Amino acid sequence: MATEYATRDDLKTQLGIEADDDTRDVLLDKALKSASRGIDRATGRRFWLDDTAKVRSYRLQERIVREADGYVLLVDDIGSTDDIVVESASVSGGTYTAVTGYETTPDNALADGYPITGLLRPNSIWGTSFTRIRVTAKFGWPAVPDDIAEACLIQASRLYKRKDSPEGIIGSAEWGVRNLSRRDPDVWALIEPYILPGFG
């Protein structure tokens with residue numbers, strides 16, 4: 001499964017490399033992969049969607065938010081409601097039973113291109129501190145946001161060109177010699193709105 005946030009062809013266009021020139025494909029692919037995983041680490045989340053539903057388990061401690069109409073269980077990004085199953089067990093290692101009557105939140109998240117980040121039980125609680133919740137779902141984002149794809153291209157271009165500046169110094173006839181900054185301000189501006197609250 002491809003988990004890079006931009007394509008090799010887009011990166012070739014960005015760098016001015018002919019589409020049929022495959023002599024640098026290995027380096028381009030490495031740059032795309034590194035840029036994508038760097039975005040994951042910087043934001044605390046990932047933007048590709050699981051091909052099939054995966055299972056994740058949650059303890060309720062520090063994951064419950066009280067809303068006016070019920071309790072929200074904060075979950076990892078869910079990018080699809082297909083095959084979603086929610087189950088609970090009263091103790092670790094106990095028998096899981098299906099949970100019904102929950103709603104996904106925020107409202108209309110998937111329709112707006114954002115992931116589901118919580119499960120609301122209207123006028124009800126999720127359990128006690130001993131309760132374990134198991135969620136089976138396709139985790140990730142419904143689609144890679146345009147900002148993330150652009151940030152990936154910028155960072156991958158930077159990483160690809162880094163081979164020409166092994167000491168972190170670049171030069172040009174117009175600007176002279178200068179050090180590369182540690183963080184690209186354009187990349188940061190693009191990914192900053194996607195950083196998980198409390199993560200960055």
# chains A, B, ... in the order shown; residues from 1 in each chain; ligands from 1
$ residues_around --residues "stretch 12-19 of chain A" --least-positions-apart "6" --cutoff "10 Å" --atoms "only C-alpha atoms" --output "list in words"
Asp25, Leu28, Leu153, Ile154, Ala156, Ser157, Arg158, Tyr160 and Lys161 of chain A
$ select_by_dssp --residues "stretch 47-160 of chain A" --states "strand (DSSP E or B)" --output "ChimeraX atom specification"
/A:54-59,64-67,70-89,97-98,103-105,116-122,132-139
$ write_last_selection --atoms "N, CA and C atoms" --output "short mmCIF file (atom, residue, chain, number, x, y, z; two decimals), in the first residue's frame"
data_model
loop_
_atom_site.label_atom_id
_atom_site.label_comp_id
_atom_site.auth_asym_id
_atom_site.auth_seq_id
_atom_site.Cartn_x
_atom_site.Cartn_y
_atom_site.Cartn_z
N LYS A 54 -8.89 -2.20 10.87
CA LYS A 54 -7.93 -2.63 11.88
C LYS A 54 -8.55 -2.48 13.26
N VAL A 55 -7.98 -3.16 14.23
CA VAL A 55 -8.50 -3.13 15.59
C VAL A 55 -7.59 -2.28 16.48
N ARG A 56 -8.18 -1.38 17.24
CA ARG A 56 -7.45 -0.60 18.24
C ARG A 56 -8.24 -0.63 19.54
N SER A 57 -7.52 -0.67 20.64
CA SER A 57 -8.16 -0.72 21.96
C SER A 57 -7.86 0.55 22.74
N TYR A 58 -8.82 0.95 23.57
CA TYR A 58 -8.69 2.19 24.33
C TYR A 58 -9.10 1.98 25.78
N ARG A 59 -8.36 2.60 26.68
CA ARG A 59 -8.78 2.74 28.07
C ARG A 59 -9.51 4.06 28.17
N ILE A 64 -12.11 10.54 27.67
CA ILE A 64 -13.53 10.89 27.70
C ILE A 64 -13.70 12.39 27.86
N VAL A 65 -14.55 12.97 27.03
CA VAL A 65 -14.87 14.39 27.10
C VAL A 65 -16.36 14.51 27.34
N ARG A 66 -16.74 15.29 28.35
CA ARG A 66 -18.16 15.50 28.66
C ARG A 66 -18.71 16.59 27.77
N GLU A 67 -19.74 16.29 27.01
CA GLU A 67 -20.43 17.27 26.18
C GLU A 67 -21.82 17.49 26.75
N GLY A 70 -23.90 14.30 26.07
CA GLY A 70 -23.39 12.97 26.34
C GLY A 70 -21.88 12.96 26.53
N TYR A 71 -21.30 11.77 26.41
CA TYR A 71 -19.86 11.60 26.61
C TYR A 71 -19.21 11.17 25.29
N VAL A 72 -18.10 11.83 24.97
CA VAL A 72 -17.36 11.53 23.75
C VAL A 72 -16.10 10.75 24.09
N LEU A 73 -15.91 9.62 23.43
CA LEU A 73 -14.67 8.86 23.53
C LEU A 73 -13.76 9.33 22.40
N LEU A 74 -12.61 9.89 22.76
CA LEU A 74 -11.65 10.35 21.76
C LEU A 74 -10.92 9.15 21.19
N VAL A 75 -10.91 9.03 19.86
CA VAL A 75 -10.27 7.90 19.18
C VAL A 75 -9.25 8.42 18.18
N ASP A 76 -8.41 7.52 17.70
CA ASP A 76 -7.50 7.88 16.62
C ASP A 76 -8.32 8.21 15.38
N ASP A 77 -7.75 8.99 14.47
CA ASP A 77 -8.47 9.39 13.26
C ASP A 77 -9.07 8.19 12.55
N ILE A 78 -10.35 8.27 12.23
CA ILE A 78 -11.05 7.24 11.47
C ILE A 78 -11.51 7.87 10.16
N GLY A 79 -11.13 7.27 9.04
CA GLY A 79 -11.39 7.88 7.75
C GLY A 79 -12.55 7.29 6.98
N SER A 80 -13.26 6.35 7.57
CA SER A 80 -14.39 5.72 6.88
C SER A 80 -15.31 5.08 7.91
N THR A 81 -16.61 5.12 7.65
CA THR A 81 -17.55 4.42 8.54
C THR A 81 -17.82 3.00 8.05
N ASP A 82 -17.23 2.62 6.92
CA ASP A 82 -17.38 1.24 6.44
C ASP A 82 -16.73 0.28 7.42
N ASP A 83 -17.42 -0.76 7.78
CA ASP A 83 -16.88 -1.84 8.62
C ASP A 83 -16.56 -1.41 10.05
N ILE A 84 -17.06 -0.27 10.50
CA ILE A 84 -16.75 0.16 11.86
C ILE A 84 -17.55 -0.66 12.87
N VAL A 85 -16.83 -1.14 13.89
CA VAL A 85 -17.44 -1.92 14.97
C VAL A 85 -16.88 -1.39 16.28
N VAL A 86 -17.76 -1.15 17.24
CA VAL A 86 -17.35 -0.68 18.56
C VAL A 86 -17.81 -1.70 19.59
N GLU A 87 -16.89 -2.12 20.46
CA GLU A 87 -17.19 -3.12 21.48
C GLU A 87 -16.61 -2.68 22.82
N SER A 88 -17.18 -3.19 23.90
CA SER A 88 -16.66 -2.87 25.22
C SER A 88 -16.53 -4.13 26.06
N ALA A 89 -15.58 -4.07 26.99
CA ALA A 89 -15.40 -5.14 27.98
C ALA A 89 -15.24 -4.48 29.34
N THR A 97 -18.48 -7.04 24.09
CA THR A 97 -19.84 -7.04 23.55
C THR A 97 -20.03 -5.79 22.71
N ALA A 98 -20.90 -5.88 21.73
CA ALA A 98 -21.10 -4.76 20.81
C ALA A 98 -21.72 -3.56 21.52
N GLU A 103 -22.76 7.91 18.19
CA GLU A 103 -22.69 8.75 17.00
C GLU A 103 -21.23 9.14 16.78
N THR A 104 -20.88 9.37 15.52
CA THR A 104 -19.53 9.83 15.22
C THR A 104 -19.47 11.35 15.33
N THR A 105 -18.29 11.85 15.67
CA THR A 105 -18.09 13.28 15.81
C THR A 105 -16.69 13.64 15.33
N ILE A 116 -13.13 11.25 11.49
CA ILE A 116 -13.87 11.12 12.74
C ILE A 116 -12.83 11.04 13.86
N THR A 117 -13.02 11.82 14.91
CA THR A 117 -12.06 11.83 16.01
C THR A 117 -12.69 11.45 17.35
N GLY A 118 -14.00 11.23 17.35
CA GLY A 118 -14.67 10.86 18.59
C GLY A 118 -15.94 10.09 18.35
N LEU A 119 -16.34 9.34 19.37
CA LEU A 119 -17.59 8.59 19.34
C LEU A 119 -18.43 9.06 20.52
N LEU A 120 -19.61 9.58 20.22
CA LEU A 120 -20.50 10.16 21.23
C LEU A 120 -21.58 9.17 21.64
N ARG A 121 -21.76 9.01 22.95
CA ARG A 121 -22.90 8.25 23.47
C ARG A 121 -23.88 9.27 24.04
N PRO A 122 -24.93 9.58 23.31
CA PRO A 122 -25.89 10.60 23.78
C PRO A 122 -26.53 10.20 25.10
N ARG A 132 -12.79 -1.33 28.92
CA ARG A 132 -11.93 -1.26 27.73
C ARG A 132 -12.84 -1.18 26.52
N ILE A 133 -12.47 -0.29 25.58
CA ILE A 133 -13.24 -0.15 24.35
C ILE A 133 -12.37 -0.64 23.20
N ARG A 134 -12.96 -1.43 22.34
CA ARG A 134 -12.25 -1.92 21.15
C ARG A 134 -12.97 -1.39 19.92
N VAL A 135 -12.22 -0.73 19.05
CA VAL A 135 -12.80 -0.15 17.84
C VAL A 135 -12.14 -0.82 16.63
N THR A 136 -12.98 -1.32 15.75
CA THR A 136 -12.51 -1.87 14.48
C THR A 136 -12.95 -0.90 13.39
N ALA A 137 -11.99 -0.36 12.65
CA ALA A 137 -12.31 0.66 11.65
C ALA A 137 -11.14 0.84 10.69
N LYS A 138 -11.39 1.59 9.64
CA LYS A 138 -10.31 2.02 8.74
C LYS A 138 -9.78 3.34 9.29
N PHE A 139 -8.59 3.27 9.89
CA PHE A 139 -8.01 4.44 10.51
C PHE A 139 -7.22 5.26 9.50
#
$ atom_distance --atom1 "atom CA of A:Asp69" --atom2 "atom CA of A:Tyr96"
25.5 Å
$ atom_distance --atom1 "atom CA of A:Thr7" --atom2 "atom CA of A:Asp21"
14.8 Å
$ atom_distance --atom1 "atom CA of A:Asn108" --atom2 "atom CA of A:Arg63"
21.3 Å
